>>> print(open('input-v5.txt').read())   # compact mmCIF, C-alpha atoms
# COMPACT_ATOMS: atom_id res chain seq x y z
CA MET A 1 -180.17 116.75 152.93
CA VAL A 2 -179.57 113.04 152.95
CA CYS A 3 -182.15 110.62 151.70
CA LEU A 4 -183.57 108.34 154.41
CA ALA A 5 -183.11 105.22 152.28
CA CYS A 6 -179.36 105.92 152.26
CA LEU A 7 -179.25 106.04 156.08
CA LEU A 8 -181.28 102.87 156.52
CA PRO A 9 -178.31 100.44 156.19
CA LEU A 10 -176.47 102.31 158.95
CA PHE A 11 -179.20 101.33 161.40
CA LEU A 12 -180.05 97.89 160.02
CA ILE A 13 -176.57 96.39 160.21
CA PRO A 14 -176.19 96.72 164.02
CA MET A 15 -179.71 95.38 164.52
CA VAL A 16 -179.04 92.34 162.33
CA ASN A 17 -175.79 91.68 164.20
CA ALA A 18 -177.65 91.81 167.52
CA LEU A 19 -180.31 89.26 166.51
CA PRO A 20 -178.38 86.14 167.63
CA LEU A 21 -177.69 87.74 171.02
CA LEU A 22 -181.32 88.74 171.40
CA PHE A 23 -182.45 85.23 170.42
CA ASP A 24 -180.14 83.64 173.02
CA PHE A 25 -181.42 86.03 175.68
CA ILE A 26 -185.11 85.33 174.94
CA VAL A 27 -184.68 81.56 174.65
CA GLY A 28 -182.65 81.57 177.88
CA LYS A 29 -185.51 83.31 179.69
CA ILE A 30 -188.04 80.81 178.32
CA TYR A 31 -185.86 77.88 179.41
CA HIS A 32 -185.51 79.49 182.84
CA LEU A 33 -189.31 79.60 183.19
CA PHE A 34 -189.42 75.82 182.68
CA GLY A 35 -186.49 75.26 185.02
CA TRP A 36 -184.18 74.04 182.27
CA GLU A 37 -180.65 75.13 181.55
CA TYR A 38 -180.03 76.81 178.21
CA ARG A 39 -176.49 76.66 176.94
CA LYS A 40 -175.60 79.04 174.15
CA PRO A 41 -174.25 77.25 171.10
CA GLU A 42 -170.70 77.97 170.05
CA ARG A 43 -170.62 80.55 167.32
CA VAL A 44 -168.34 80.16 164.35
CA PRO A 45 -165.93 83.08 164.11
CA PRO A 46 -166.59 85.32 161.12
CA ALA A 47 -164.71 84.27 158.01
CA CYS A 48 -162.71 86.63 155.89
CA PRO A 49 -164.67 87.38 152.71
CA TYR A 50 -161.45 87.85 150.75
CA LYS A 51 -159.90 84.63 149.50
CA PRO A 52 -156.52 85.11 147.89
CA ALA A 53 -155.97 83.50 144.51
CA SER A 54 -154.06 80.25 144.69
CA LYS A 55 -150.66 80.18 143.06
CA LYS A 56 -150.57 78.06 139.95
CA ASN A 57 -147.41 76.04 139.61
CA GLY A 58 -146.44 74.16 136.50
CA ASP A 59 -145.73 70.98 138.47
CA LEU A 60 -149.04 69.32 139.40
CA ASN A 61 -147.41 66.11 140.68
CA GLU A 62 -145.94 68.00 143.61
CA THR A 63 -149.37 68.84 145.03
CA GLU A 64 -150.63 65.30 144.50
CA ASN A 65 -147.77 63.85 146.55
CA GLN A 66 -148.52 66.07 149.55
CA VAL A 67 -151.85 64.35 150.33
CA GLU A 68 -151.77 60.70 151.34
CA PRO A 69 -154.77 58.60 150.33
CA PRO A 70 -156.60 56.98 153.26
CA LYS A 71 -155.43 53.46 154.03
CA SER A 72 -157.84 50.57 154.14
CA ALA A 73 -158.26 48.38 157.19
CA ALA A 74 -156.54 45.47 155.43
CA GLU A 75 -153.37 47.52 154.86
CA CYS A 76 -153.32 48.61 158.49
CA ASP A 77 -153.60 44.98 159.66
CA LYS A 78 -150.67 43.91 157.48
CA LYS A 79 -148.36 46.37 159.24
CA ASP A 80 -149.34 45.19 162.74
>>> encode(input="input-v5.txt", output="structure tokens")
Amino acid sequence: MVCLACLLPLFLIPMVNALPLLFDFIVGKIYHLFGWEYRKPERVPPACPYKPASKKNGDLNETENQVEPPKSAAECDKKD
């Protein structure tokens, strides 16, 4: 026999994933009652939980040169 507490996550995960869809459906129906248009917000795609370790190079100056500092308005006017 399998303990019921062990099976609980199998049923909770799909329900939790369906909550945003259910919310959009219910709010859309409420907006429809008032005659308003409900537009679903754009969802951010799921991010990968695994982040690979960055490679550590001995030369730190190389990474500093890759990013340009933002230019001020005075420097931009001088070039024009």
>>> atom_distance(input="input-v5.txt", atom1="atom CA of A:Leu10", atom2="atom CA of A:Lys40")
27.8 Å
>>> atom_distance(input="input-v5.txt", atom1="atom CA of A:Ala47", atom2="atom CA of A:Val27")
26.1 Å
>>> atom_distance(input="input-v5.txt", atom1="atom CA of A:Arg39", atom2="atom CA of A:Ala18")
17.9 Å
